[in-house]
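Trainee: Dropping in work-v8.pdb, which is PDB, C-alpha atoms:
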ATOM      1  CA  MET A   1      -2.822   5.051 -47.854
ATOM      2  CA  LEU A   2      -1.389   5.389 -44.395
ATOM      3  CA  ASP A   3       1.999   3.953 -43.613
ATOM      4  CA  THR A   4       2.393   1.142 -41.165
ATOM      5  CA  PRO A   5       3.055   2.766 -37.811
ATOM      6  CA  ASN A   6       6.358   2.010 -36.166
ATOM      7  CA  ASP A   7       7.016   1.969 -32.442
ATOM      8  CA  THR A   8       7.616   5.691 -32.137
ATOM      9  CA  ASP A   9       5.084   8.405 -32.686
ATOM     10  CA  ASP A  10       5.947  11.567 -34.573
ATOM     11  CA  VAL A  11       5.248  13.942 -31.709
ATOM     12  CA  ALA A  12       6.593  16.981 -33.537
ATOM     13  CA  ALA A  13       4.267  16.416 -36.500
ATOM     14  CA  LEU A  14       1.347  15.759 -34.165
ATOM     15  CA  LYS A  15       1.980  18.989 -32.271
ATOM     16  CA  ARG A  16       2.002  20.861 -35.583
ATOM     17  CA  GLY A  17      -1.471  19.461 -36.291
ATOM     18  CA  ASP A  18      -0.345  17.190 -39.129
ATOM     19  CA  HIS A  19      -3.482  15.304 -40.160
ATOM     20  CA  ALA A  20      -1.686  12.249 -41.582
ATOM     21  CA  ALA A  21       0.276  11.828 -38.340
ATOM     22  CA  PHE A  22      -2.960  12.088 -36.384
ATOM     23  CA  SER A  23      -4.669   9.453 -38.540
ATOM     24  CA  LEU A  24      -1.727   7.183 -37.951
ATOM     25  CA  LEU A  25      -2.079   7.743 -34.221
ATOM     26  CA  VAL A  26      -5.758   6.791 -34.398
ATOM     27  CA  LYS A  27      -4.900   3.688 -36.404
ATOM     28  CA  LYS A  28      -2.372   2.592 -33.839
ATOM     29  CA  TYR A  29      -4.161   3.342 -30.572
ATOM     30  CA  HIS A  30      -7.918   3.396 -31.161
ATOM     31  CA  ARG A  31      -8.629  -0.251 -30.349
ATOM     32  CA  LYS A  32      -6.473  -0.245 -27.248
ATOM     33  CA  MET A  33      -8.040   2.961 -26.006
ATOM     34  CA  LEU A  34     -11.436   1.398 -26.510
ATOM     35  CA  ILE A  35     -10.418  -1.518 -24.296
ATOM     36  CA  VAL A  36      -9.391   0.890 -21.534
ATOM     37  CA  SER A  37     -12.572   2.896 -21.967
ATOM     38  CA  ARG A  38     -14.672  -0.268 -21.674
ATOM     39  CA  ALA A  39     -12.954  -1.132 -18.393
ATOM     40  CA  ILE A  40     -13.981   2.228 -16.953
ATOM     41  CA  VAL A  41     -17.410   2.998 -18.436
ATOM     42  CA  GLY A  42     -18.597  -0.337 -19.822
ATOM     43  CA  ASP A  43     -19.723  -1.184 -23.355
ATOM     44  CA  VAL A  44     -22.542   1.339 -23.679
ATOM     45  CA  TRP A  45     -20.491   4.529 -23.606
ATOM     46  CA  ALA A  46     -17.040   3.257 -24.477
ATOM     47  CA  GLU A  47     -17.132   4.227 -28.176
ATOM     48  CA  GLU A  48     -18.589   7.645 -27.474
ATOM     49  CA  VAL A  49     -16.011   8.320 -24.773
ATOM     50  CA  ILE A  50     -13.192   7.457 -27.165
ATOM     51  CA  GLN A  51     -14.538   9.752 -29.856
ATOM     52  CA  GLU A  52     -14.628  12.556 -27.284
ATOM     53  CA  ALA A  53     -11.142  11.583 -26.133
ATOM     54  CA  TRP A  54      -9.800  11.889 -29.700
ATOM     55  CA  VAL A  55     -11.267  15.389 -29.959
ATOM     56  CA  SER A  56      -9.616  16.335 -26.657
ATOM     57  CA  ILE A  57      -6.318  14.750 -27.683
ATOM     58  CA  TYR A  58      -6.274  16.586 -31.010
ATOM     59  CA  ARG A  59      -7.021  19.914 -29.341
ATOM     60  CA  ALA A  60      -4.507  19.407 -26.541
ATOM     61  CA  LEU A  61      -1.646  18.055 -28.666
ATOM     62  CA  PRO A  62      -0.048  21.452 -29.336
ATOM     63  CA  ARG A  63       0.232  21.902 -25.555
ATOM     64  CA  PHE A  64       1.597  18.381 -24.886
ATOM     65  CA  GLU A  65       4.683  19.022 -22.744
ATOM     66  CA  GLU A  66       6.200  15.534 -23.064
ATOM     67  CA  ARG A  67       6.522  15.099 -19.295
ATOM     68  CA  SER A  68       5.190  11.572 -19.807
ATOM     69  CA  SER A  69       5.141   9.381 -22.880
ATOM     70  CA  LEU A  70       2.540  10.283 -25.476
ATOM     71  CA  LYS A  71       0.611   7.061 -24.925
ATOM     72  CA  THR A  72       0.487   7.545 -21.130
ATOM     73  CA  TRP A  73      -0.776  11.085 -21.717
ATOM     74  CA  MET A  74      -3.435   9.843 -24.151
ATOM     75  CA  TYR A  75      -4.616   7.081 -21.828
ATOM     76  CA  THR A  76      -4.916   9.652 -19.049
ATOM     77  CA  ILE A  77      -7.170  11.725 -21.314
ATOM     78  CA  VAL A  78      -9.261   8.609 -21.984
ATOM     79  CA  LYS A  79      -9.565   8.051 -18.258
ATOM     80  CA  ASN A  80     -10.612  11.657 -17.666
ATOM     81  CA  GLU A  81     -13.195  11.551 -20.438
ATOM     82  CA  ALA A  82     -14.535   8.280 -19.085
ATOM     83  CA  ARG A  83     -14.777   9.628 -15.547
ATOM     84  CA  THR A  84     -16.513  12.771 -16.801
ATOM     85  CA  ARG A  85     -19.019  10.622 -18.653
ATOM     86  CA  LEU A  86     -19.705   8.544 -15.579
ATOM     87  CA  SER A  87     -20.280  11.663 -13.503
ATOM     88  CA  LYS A  88     -22.615  13.130 -16.126
ATOM     89  CA  GLU A  89     -24.639   9.980 -16.239
ATOM     90  CA  SER A  90     -24.734   9.953 -12.426
ATOM     91  CA  ARG A  91     -23.882   6.325 -12.497
ATOM     92  CA  PHE A  92     -20.461   6.522 -11.001
ATOM     93  CA  VAL A  93     -19.764   3.310  -9.211
ATOM     94  CA  SER A  94     -16.638   3.318  -7.123
ATOM     95  CA  MET A  95     -14.267   0.838  -8.701
ATOM     96  CA  ASP A  96     -15.894  -2.486  -9.123
ATOM     97  CA  THR A  97     -14.490  -4.013  -5.968
ATOM     98  CA  SER A  98     -16.720  -7.062  -6.113
ATOM     99  CA  ALA A  99     -15.381  -7.971  -9.549
ATOM    100  CA  LEU A 100     -11.830  -7.487  -8.412
ATOM    101  CA  ASP A 101     -12.397  -9.630  -5.354
ATOM    102  CA  THR A 102     -13.813 -12.367  -7.558
ATOM    103  CA  SER A 103     -10.741 -12.177  -9.777
ATOM    104  CA  LEU A 104      -8.551 -12.545  -6.751
ATOM    105  CA  GLU A 105     -10.417 -15.671  -5.695
ATOM    106  CA  ASP A 106     -10.449 -17.100  -9.210
ATOM    107  CA  ALA A 107      -6.743 -16.627  -9.640
ATOM    108  CA  SER A 108      -6.045 -18.469  -6.424
ATOM    109  CA  THR A 109      -8.430 -21.293  -7.239
ATOM    110  CA  VAL A 110      -7.143 -21.931 -10.746
ATOM    111  CA  LEU A 111      -3.568 -22.028  -9.602
ATOM    112  CA  ASN A 112      -4.168 -23.962  -6.409
ATOM    113  CA  ASP A 113      -5.784 -26.807  -8.327
ATOM    114  CA  GLN A 114      -2.446 -27.532  -9.944
ATOM    115  CA  PHE A 115      -0.596 -28.138  -6.685
ATOM    116  CA  LYS A 116      -0.457 -30.797  -4.023
ATOM    117  CA  LYS A 117      -1.009 -29.898  -0.390
ATOM    118  CA  ASP A 118       2.725 -29.662   0.161
ATOM    119  CA  GLY A 119       2.932 -26.897  -2.479
ATOM    120  CA  HIS A 120       4.605 -28.946  -5.225
ATOM    121  CA  TRP A 121       3.207 -29.448  -8.717
ATOM    122  CA  LYS A 122       0.713 -32.338  -9.031
ATOM    123  CA  GLU A 123       1.995 -32.848 -12.564
ATOM    124  CA  ALA A 124       4.780 -31.225 -14.519
ATOM    125  CA  PRO A 125       3.616 -28.216 -16.563
ATOM    126  CA  THR A 126       2.762 -29.281 -20.113
ATOM    127  CA  ARG A 127       5.822 -29.651 -22.318
ATOM    128  CA  TRP A 128       5.622 -27.272 -25.295
ATOM    129  CA  HIS A 129       7.001 -28.473 -28.593
ATOM    130  CA  ILE A 130       6.969 -24.870 -29.845
ATOM    131  CA  GLU A 131       8.594 -22.493 -27.387
ATOM    132  CA  SER A 132       9.417 -19.579 -29.639
ATOM    133  CA  PRO A 133       6.931 -16.699 -30.004
ATOM    134  CA  VAL A 134       7.960 -16.344 -33.652
ATOM    135  CA  ALA A 135       7.266 -20.021 -34.341
ATOM    136  CA  LEU A 136       3.943 -19.764 -32.489
ATOM    137  CA  LEU A 137       2.932 -16.943 -34.843
ATOM    138  CA  GLU A 138       2.870 -19.447 -37.679
ATOM    139  CA  GLU A 139       0.080 -21.427 -35.966
ATOM    140  CA  GLU A 140      -3.048 -19.888 -37.481
ATOM    141  CA  GLN A 141      -5.499 -21.873 -35.384
ATOM    142  CA  LEU A 142      -3.744 -20.772 -32.209
ATOM    143  CA  GLN A 143      -3.963 -17.123 -33.277
ATOM    144  CA  ILE A 144      -7.719 -17.446 -33.584
ATOM    145  CA  CYS A 145      -7.946 -19.091 -30.151
ATOM    146  CA  ILE A 146      -5.793 -16.453 -28.469
ATOM    147  CA  LYS A 147      -7.725 -13.581 -30.012
ATOM    148  CA  HIS A 148     -10.954 -15.195 -28.882
ATOM    149  CA  THR A 149      -9.601 -15.694 -25.368
ATOM    150  CA  LEU A 150      -8.476 -12.073 -25.226
ATOM    151  CA  SER A 151     -11.955 -10.968 -26.221
ATOM    152  CA  MET A 152     -13.434 -13.120 -23.446
ATOM    153  CA  LEU A 153     -11.298 -11.670 -20.651
ATOM    154  CA  SER A 154     -13.114  -9.437 -18.183
ATOM    155  CA  ALA A 155     -12.926  -5.752 -19.102
ATOM    156  CA  ASP A 156     -10.561  -5.123 -16.182
ATOM    157  CA  GLN A 157      -8.232  -7.992 -17.064
ATOM    158  CA  ARG A 158      -8.159  -7.000 -20.698
ATOM    159  CA  ALA A 159      -7.405  -3.369 -19.917
ATOM    160  CA  VAL A 160      -4.575  -4.256 -17.555
ATOM    161  CA  PHE A 161      -3.141  -6.826 -19.970
ATOM    162  CA  THR A 162      -3.374  -4.372 -22.875
ATOM    163  CA  LEU A 163      -1.704  -1.545 -21.006
ATOM    164  CA  ARG A 164       1.057  -3.701 -19.556
ATOM    165  CA  ASP A 165       1.865  -6.428 -22.040
ATOM    166  CA  LEU A 166       0.863  -4.793 -25.290
ATOM    167  CA  GLN A 167       1.529  -1.133 -24.550
ATOM    168  CA  GLN A 168       4.319  -1.809 -22.061
ATOM    169  CA  LEU A 169       3.266   0.861 -19.577
ATOM    170  CA  ASP A 170       4.693   0.816 -16.049
ATOM    171  CA  LEU A 171       2.526  -0.798 -13.399
ATOM    172  CA  GLU A 172       2.346   2.534 -11.576
ATOM    173  CA  GLU A 173       1.044   4.291 -14.693
ATOM    174  CA  ILE A 174      -1.594   1.584 -15.082
ATOM    175  CA  CYS A 175      -2.694   2.039 -11.454
ATOM    176  CA  ASN A 176      -3.077   5.779 -12.105
ATOM    177  CA  ILE A 177      -5.020   5.337 -15.334
ATOM    178  CA  LEU A 178      -7.404   2.660 -14.126
ATOM    179  CA  GLU A 179      -7.430   3.761 -10.475
ATOM    180  CA  PHE A 180      -6.758   0.247  -9.250
ATOM    181  CA  THR A 181      -4.432  -0.641  -6.419
ATOM    182  CA  SER A 182      -1.063  -2.082  -7.307
ATOM    183  CA  SER A 183      -1.973  -5.498  -5.913
ATOM    184  CA  ASN A 184      -5.199  -5.599  -7.934
ATOM    185  CA  VAL A 185      -3.353  -4.696 -11.122
ATOM    186  CA  ARG A 186      -0.806  -7.447 -10.506
ATOM    187  CA  VAL A 187      -3.493 -10.040  -9.828
ATOM    188  CA  LEU A 188      -5.564  -9.062 -12.885
ATOM    189  CA  LEU A 189      -2.458  -9.160 -15.055
ATOM    190  CA  HIS A 190      -1.318 -12.553 -13.810
ATOM    191  CA  ARG A 191      -4.809 -13.954 -14.218
ATOM    192  CA  ALA A 192      -5.000 -12.752 -17.830
ATOM    193  CA  ARG A 193      -1.587 -14.170 -18.656
ATOM    194  CA  LEU A 194      -2.483 -17.524 -17.078
ATOM    195  CA  LYS A 195      -5.638 -17.751 -19.179
ATOM    196  CA  LEU A 196      -3.651 -17.221 -22.369
ATOM    197  CA  MET A 197      -1.019 -19.667 -21.211
ATOM    198  CA  GLN A 198      -3.700 -22.299 -20.587
ATOM    199  CA  VAL A 199      -4.890 -21.899 -24.178
ATOM    200  CA  ILE A 200      -1.367 -22.387 -25.506
ATOM    201  CA  ASN A 201      -0.906 -25.374 -23.173
ATOM    202  CA  HIS A 202      -4.004 -27.005 -24.566
ATOM    203  CA  TYR A 203      -3.002 -26.247 -28.139
ATOM    204  CA  GLN A 204       0.454 -27.693 -27.622
ATOM    205  CA  GLU A 205      -1.039 -30.858 -26.146
ATOM    206  CA  THR A 206      -3.816 -31.438 -28.636
ATOM    207  CA  GLY A 207      -3.157 -29.265 -31.690
ATOM    208  CA  THR A 208      -6.638 -27.778 -31.268
ATOM    209  CA  CYS A 209      -8.337 -25.188 -29.108
TER     210      CYS A 209
ATOM    211  CA  MET B   1      12.546 -22.121   0.622
ATOM    212  CA  LEU B   2       9.684 -21.095  -1.653
ATOM    213  CA  LYS B   3       7.232 -23.773  -2.791
ATOM    214  CA  CYS B   4       6.276 -24.304  -6.429
ATOM    215  CA  ARG B   5       2.846 -22.869  -5.608
ATOM    216  CA  ASN B   6       4.464 -19.579  -4.512
ATOM    217  CA  ILE B   7       6.512 -19.499  -7.687
ATOM    218  CA  ALA B   8       3.408 -19.895  -9.852
ATOM    219  CA  HIS B   9       1.362 -17.389  -7.844
ATOM    220  CA  HIS B  10       4.017 -14.713  -8.179
ATOM    221  CA  GLY B  11       5.257 -15.623 -11.639
ATOM    222  CA  SER B  12       4.202 -12.293 -13.108
ATOM    223  CA  ASP B  13       5.825 -10.377 -10.262
ATOM    224  CA  TYR B  14       9.077 -12.173 -11.033
ATOM    225  CA  VAL B  15       8.811 -11.635 -14.780
ATOM    226  CA  ASP B  16       7.941  -7.958 -14.239
ATOM    227  CA  ALA B  17      10.770  -7.564 -11.694
ATOM    228  CA  THR B  18       8.478  -6.177  -9.007
ATOM    229  CA  LEU B  19       9.764  -8.482  -6.247
ATOM    230  CA  THR B  20      12.104  -7.217  -3.547
ATOM    231  CA  ARG B  21      15.749  -8.199  -3.762
ATOM    232  CA  SER B  22      15.377 -10.919  -1.123
ATOM    233  CA  GLN B  23      12.222 -12.272  -2.783
ATOM    234  CA  THR B  24      14.020 -12.353  -6.120
ATOM    235  CA  LEU B  25      16.901 -14.241  -4.560
ATOM    236  CA  GLY B  26      14.506 -16.803  -3.042
ATOM    237  CA  TYR B  27      12.819 -17.110  -6.399
ATOM    238  CA  ALA B  28      16.104 -17.599  -8.243
ATOM    239  CA  LEU B  29      17.231 -20.262  -5.767
ATOM    240  CA  HIS B  30      14.022 -22.199  -6.290
ATOM    241  CA  LEU B  31      14.316 -21.961 -10.076
ATOM    242  CA  LEU B  32      17.853 -23.234  -9.867
ATOM    243  CA  VAL B  33      16.665 -26.547  -8.459
ATOM    244  CA  CYS B  34      13.162 -26.908  -9.939
ATOM    245  CA  GLY B  35      12.804 -27.765 -13.621
ATOM    246  CA  HIS B  36       8.988 -27.652 -13.484
ATOM    247  CA  CYS B  37       9.002 -24.053 -12.288
ATOM    248  CA  ARG B  38      11.675 -23.079 -14.798
ATOM    249  CA  ARG B  39       9.400 -24.447 -17.495
ATOM    250  CA  PHE B  40       6.399 -22.558 -16.052
ATOM    251  CA  ILE B  41       8.299 -19.259 -16.074
ATOM    252  CA  ARG B  42       9.661 -19.920 -19.572
ATOM    253  CA  HIS B  43       6.133 -20.518 -20.822
ATOM    254  CA  LEU B  44       4.858 -17.401 -19.092
ATOM    255  CA  ARG B  45       7.514 -15.267 -20.788
ATOM    256  CA  CYS B  46       6.763 -16.920 -24.126
ATOM    257  CA  THR B  47       3.024 -16.240 -23.704
ATOM    258  CA  ILE B  48       3.652 -12.543 -23.104
ATOM    259  CA  ALA B  49       6.046 -12.250 -26.054
ATOM    260  CA  TYR B  50       3.628 -14.117 -28.312
ATOM    261  CA  ALA B  51       0.648 -11.914 -27.376
ATOM    262  CA  ARG B  52       2.762  -8.824 -28.003
ATOM    263  CA  ALA B  53       3.890 -10.110 -31.385
ATOM    264  CA  LEU B  54       0.305 -10.954 -32.357
ATOM    265  CA  ASP B  55      -0.824  -7.492 -31.382
ATOM    266  CA  LYS B  56       1.486  -5.835 -33.921
ATOM    267  CA  ASN B  57      -1.077  -6.753 -36.584
ATOM    268  CA  GLU B  58      -4.105  -5.549 -34.626
ATOM    269  CA  LEU B  59      -4.647  -2.098 -36.104
ATOM    270  CA  LEU B  60      -7.589  -0.244 -37.499
ATOM    271  CA  ASN B  61      -7.693  -0.189 -41.262
ATOM    272  CA  ASP B  62      -6.802   3.078 -42.968
ATOM    273  CA  ASN B  63     -10.387   4.040 -43.799
ATOM    274  CA  GLU B  64     -11.676   3.513 -40.272
ATOM    275  CA  ALA B  65      -8.757   5.473 -38.838
ATOM    276  CA  GLU B  66      -9.285   8.310 -41.299
ATOM    277  CA  LYS B  67     -13.007   8.556 -40.489
ATOM    278  CA  ILE B  68     -12.330   8.768 -36.761
ATOM    279  CA  ALA B  69      -9.522  11.273 -37.290
ATOM    280  CA  GLN B  70     -11.813  13.421 -39.471
ATOM    281  CA  LYS B  71     -14.507  13.419 -36.792
ATOM    282  CA  ALA B  72     -11.984  14.351 -34.119
ATOM    283  CA  THR B  73     -10.379  17.158 -36.066
ATOM    284  CA  ASN B  74     -13.673  18.547 -37.277
ATOM    285  CA  PRO B  75     -16.240  17.486 -34.673
ATOM    286  CA  ASN B  76     -18.974  19.977 -35.667
ATOM    287  CA  PRO B  77     -18.923  20.298 -39.445
ATOM    288  CA  SER B  78     -21.379  22.836 -40.760
ATOM    289  CA  HIS B  79     -24.141  21.401 -42.906
ATOM    290  CA  PRO B  80     -24.183  22.339 -46.599
ATOM    291  CA  SER B  81     -27.510  24.095 -46.073
ATOM    292  CA  ASP B  82     -26.090  26.327 -43.292
TER     293      ASP B  82
END
Could the structure of this file be written out as structure tokens, please?

Mentor:
Amino acid sequence: MLDTPNDTDDVAALKRGDHAAFSLLVKKYHRKMLIVSRAIVGDVWAEEVIQEAWVSIYRALPRFEERSSLKTWMYTIVKNEARTRLSKESRFVSMDTSALDTSLEDASTVLNDQFKKDGHWKEAPTRWHIESPVALLEEEQLQICIKHTLSMLSADQRAVFTLRDLQQLDLEEICNILEFTSSNVRVLLHRARLKLMQVINHYQETGTC
Amino acid sequence: MLKCRNIAHHGSDYVDATLTRSQTLGYALHLLVCGHCRRFIRHLRCTIAYARALDKNELLNDNEAEKIAQKATNPNPSHPSD
């Protein structure tokens, strides 16, 4: 049985080729890496790319120089594997600009609807009776709704949200991994957060999703 | 003076501290006088913290992780008949 991973990775053990440490690494990062892979190559090749990325990571670990964090280094390997796959399949599409543009428009529209012409709120933001993340964790129905909403985000939004809010990478690192501009990353991130916030708003108002 | 709309549009920039010093000052001044926007920012921070807390439980199970790790560490196992 593997231990529950904590917030630090045992880099020394990983560099020695310790299998248990590597399994723990897979347990901790596989799903998030899959989300990033999906954002780059789409659903069809995402799993395959990640399996190849794990092989590359395992082989390269002894040479990991720790110039960046381990997770940044791993996500960069995922990106490289994904790009290689796209080139091989000759279906490289320069970053999905149309999708990003749509996100930009959507973000503006959703927010603008909540304001009067003079720029003030039409109505006060919903009052939350639970404002503590710990207390929110006890709401099982809400957990289901949030997980569902996360799964419904666009691949780009989900990747940016995962890397920033769940993995706590710097915005610059995210731009490098996903090859998005800084402004696009910020818009995608804000859009994702707003969607989750809307779900919590609704739950706080009605007690349902 | 920033409008509430600006505050909401750049809420993540404020939370992530990516605004310039003068933008941050303008933001802080607005928040000082606007309870609605303070609530919006509070909720945004809470949403992020909640999603992060939820994610702590989102891991592969041990068997799945072990299978993937095995494949990665031994990607071309020889067949028994080899």

Trainee: With a cut-off of 10 Å and counting only C-alpha atoms, select all residues of chain B in contact with chain A and give the selection as a PDB file with C-alpha atoms, in the frame of the given file.

Mentor:
ATOM      1  CA  LEU B   2       9.684 -21.095  -1.653  1.00  0.00           C
ATOM      2  CA  LYS B   3       7.232 -23.773  -2.791  1.00  0.00           C
ATOM      3  CA  CYS B   4       6.276 -24.304  -6.429  1.00  0.00           C
ATOM      4  CA  ARG B   5       2.846 -22.869  -5.608  1.00  0.00           C
ATOM      5  CA  ASN B   6       4.464 -19.579  -4.512  1.00  0.00           C
ATOM      6  CA  ILE B   7       6.512 -19.499  -7.687  1.00  0.00           C
ATOM      7  CA  ALA B   8       3.408 -19.895  -9.852  1.00  0.00           C
ATOM      8  CA  HIS B   9       1.362 -17.389  -7.844  1.00  0.00           C
ATOM      9  CA  HIS B  10       4.017 -14.713  -8.179  1.00  0.00           C
ATOM     10  CA  GLY B  11       5.257 -15.623 -11.639  1.00  0.00           C
ATOM     11  CA  SER B  12       4.202 -12.293 -13.108  1.00  0.00           C
ATOM     12  CA  ASP B  13       5.825 -10.377 -10.262  1.00  0.00           C
ATOM     13  CA  ASP B  16       7.941  -7.958 -14.239  1.00  0.00           C
ATOM     14  CA  THR B  18       8.478  -6.177  -9.007  1.00  0.00           C
ATOM     15  CA  CYS B  34      13.162 -26.908  -9.939  1.00  0.00           C
ATOM     16  CA  GLY B  35      12.804 -27.765 -13.621  1.00  0.00           C
ATOM     17  CA  HIS B  36       8.988 -27.652 -13.484  1.00  0.00           C
ATOM     18  CA  CYS B  37       9.002 -24.053 -12.288  1.00  0.00           C
ATOM     19  CA  ARG B  38      11.675 -23.079 -14.798  1.00  0.00           C
ATOM     20  CA  ARG B  39       9.400 -24.447 -17.495  1.00  0.00           C
ATOM     21  CA  PHE B  40       6.399 -22.558 -16.052  1.00  0.00           C
ATOM     22  CA  ARG B  42       9.661 -19.920 -19.572  1.00  0.00           C
ATOM     23  CA  HIS B  43       6.133 -20.518 -20.822  1.00  0.00           C
ATOM     24  CA  LEU B  44       4.858 -17.401 -19.092  1.00  0.00           C
ATOM     25  CA  ARG B  45       7.514 -15.267 -20.788  1.00  0.00           C
ATOM     26  CA  CYS B  46       6.763 -16.920 -24.126  1.00  0.00           C
ATOM     27  CA  THR B  47       3.024 -16.240 -23.704  1.00  0.00           C
ATOM     28  CA  ILE B  48       3.652 -12.543 -23.104  1.00  0.00           C
ATOM     29  CA  ALA B  49       6.046 -12.250 -26.054  1.00  0.00           C
ATOM     30  CA  TYR B  50       3.628 -14.117 -28.312  1.00  0.00           C
ATOM     31  CA  ALA B  51       0.648 -11.914 -27.376  1.00  0.00           C
ATOM     32  CA  ARG B  52       2.762  -8.824 -28.003  1.00  0.00           C
ATOM     33  CA  ALA B  53       3.890 -10.110 -31.385  1.00  0.00           C
ATOM     34  CA  LEU B  54       0.305 -10.954 -32.357  1.00  0.00           C
ATOM     35  CA  ASP B  55      -0.824  -7.492 -31.382  1.00  0.00           C
ATOM     36  CA  LYS B  56       1.486  -5.835 -33.921  1.00  0.00           C
ATOM     37  CA  ASN B  57      -1.077  -6.753 -36.584  1.00  0.00           C
ATOM     38  CA  GLU B  58      -4.105  -5.549 -34.626  1.00  0.00           C
ATOM     39  CA  LEU B  59      -4.647  -2.098 -36.104  1.00  0.00           C
ATOM     40  CA  LEU B  60      -7.589  -0.244 -37.499  1.00  0.00           C
ATOM     41  CA  ASN B  61      -7.693  -0.189 -41.262  1.00  0.00           C
ATOM     42  CA  ASP B  62      -6.802   3.078 -42.968  1.00  0.00           C
ATOM     43  CA  ASN B  63     -10.387   4.040 -43.799  1.00  0.00           C
ATOM     44  CA  GLU B  64     -11.676   3.513 -40.272  1.00  0.00           C
ATOM     45  CA  ALA B  65      -8.757   5.473 -38.838  1.00  0.00           C
ATOM     46  CA  GLU B  66      -9.285   8.310 -41.299  1.00  0.00           C
ATOM     47  CA  LYS B  67     -13.007   8.556 -40.489  1.00  0.00           C
ATOM     48  CA  ILE B  68     -12.330   8.768 -36.761  1.00  0.00           C
ATOM     49  CA  ALA B  69      -9.522  11.273 -37.290  1.00  0.00           C
ATOM     50  CA  GLN B  70     -11.813  13.421 -39.471  1.00  0.00           C
ATOM     51  CA  LYS B  71     -14.507  13.419 -36.792  1.00  0.00           C
ATOM     52  CA  ALA B  72     -11.984  14.351 -34.119  1.00  0.00           C
ATOM     53  CA  THR B  73     -10.379  17.158 -36.066  1.00  0.00           C
ATOM     54  CA  ASN B  74     -13.673  18.547 -37.277  1.00  0.00           C
ATOM     55  CA  PRO B  75     -16.240  17.486 -34.673  1.00  0.00           C
TER      56      PRO B  75
END

Trainee: Take atom CA of Leu153 of chain A and atom CA of Ala192 of chain A and report the distance between them in Å, one decimal.

Mentor: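 Computed distance, atom CA of Leu153 of chain A to atom CA of Ala192 of chain A, equals 7.0 Å.
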
Trainee: To one decimal place, how far is atom CA of Tyr75 of chain A from atom CA of Pro62 of chain A in Å?

Mentor: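 Interatomic distance, atom CA of Tyr75 of chain A to atom CA of Pro62 of chain A: 16.8 Å.
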
Trainee: What do you get, as an NGL selection string, if you spell out every residue that the PyMOL selection byres ((chain A and resi 64) around 12) selects here?

Mentor: :A and (11-12 or 14-17 or 56-63 or 65-74 or 77)

Trainee: Deliver the residues from the most recent selection as a file, using C-alpha atoms, as a compact mmCIF listing (two decimals), in the coordinates of the input.

Mentor:
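Resulting contents of part_24.txt:
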# COMPACT_ATOMS: atom_id res chain seq x y z
CA VAL A 11 5.25 13.94 -31.71
CA ALA A 12 6.59 16.98 -33.54
CA LEU A 14 1.35 15.76 -34.16
CA LYS A 15 1.98 18.99 -32.27
CA ARG A 16 2.00 20.86 -35.58
CA GLY A 17 -1.47 19.46 -36.29
CA SER A 56 -9.62 16.34 -26.66
CA ILE A 57 -6.32 14.75 -27.68
CA TYR A 58 -6.27 16.59 -31.01
CA ARG A 59 -7.02 19.91 -29.34
CA ALA A 60 -4.51 19.41 -26.54
CA LEU A 61 -1.65 18.06 -28.67
CA PRO A 62 -0.05 21.45 -29.34
CA ARG A 63 0.23 21.90 -25.56
CA GLU A 65 4.68 19.02 -22.74
CA GLU A 66 6.20 15.53 -23.06
CA ARG A 67 6.52 15.10 -19.30
CA SER A 68 5.19 11.57 -19.81
CA SER A 69 5.14 9.38 -22.88
CA LEU A 70 2.54 10.28 -25.48
CA LYS A 71 0.61 7.06 -24.92
CA THR A 72 0.49 7.54 -21.13
CA TRP A 73 -0.78 11.08 -21.72
CA MET A 74 -3.44 9.84 -24.15
CA ILE A 77 -7.17 11.72 -21.31

Trainee: What separation in Å, quoted to one decimal, exists between atom CA of Ser87 of chain A and atom CA of Ala159 of chain A?

Mentor: 20.8 Å

Trainee: Might I get the box with edges along x, y and z of the file that holds all atoms of segment 52-66 of chain B listed there, padded by 5 Å on every side, given as centre and edge lengths in Å to one decimal, as AutoDock Vina command-line options?

Mentor:
--center_x -3.9 --center_y -1.3 --center_z -35.9 --size_x 25.6 --size_y 29.3 --size_z 25.8

Trainee: Extract, using only C-alpha atoms, all DNA, RNA and protein residues at most 8 Å from Val160 of chain A, discarding same-chain residues fewer than 2 positions from it, and format them as an mmCIF file with C-alpha atoms, in the frame of the given file.

Mentor:
data_model
loop_
_atom_site.group_PDB
_atom_site.id
_atom_site.type_symbol
_atom_site.label_atom_id
_atom_site.label_comp_id
_atom_site.auth_asym_id
_atom_site.auth_seq_id
_atom_site.Cartn_x
_atom_site.Cartn_y
_atom_site.Cartn_z
ATOM 1 C CA ASP A 156 -10.561 -5.123 -16.182
ATOM 2 C CA GLN A 157 -8.232 -7.992 -17.064
ATOM 3 C CA ARG A 158 -8.159 -7.000 -20.698
ATOM 4 C CA THR A 162 -3.374 -4.372 -22.875
ATOM 5 C CA LEU A 163 -1.704 -1.545 -21.006
ATOM 6 C CA ARG A 164 1.057 -3.701 -19.556
ATOM 7 C CA ILE A 174 -1.594 1.584 -15.082
ATOM 8 C CA VAL A 185 -3.353 -4.696 -11.122
ATOM 9 C CA LEU A 188 -5.564 -9.062 -12.885
ATOM 10 C CA LEU A 189 -2.458 -9.160 -15.055
#

Trainee: For the file shown, what are the residues hit by the PyMOL selection byres ((chain B and resi 28) around 12), laid out as a ChimeraX atom specification?

Mentor: /B:1-2,7,11,14-15,17,19,21-27,29-35,37-38,41

Trainee: Skipping near chain neighbours, those fewer than 4 positions away, what residues fall within 9 Å of Glu172 of chain A using all atoms listed in the file, listed as a list in words?

Mentor: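 Near Glu172 of chain A, the qualifying residues are Asn176, Ile177 and Ser182 of chain A.
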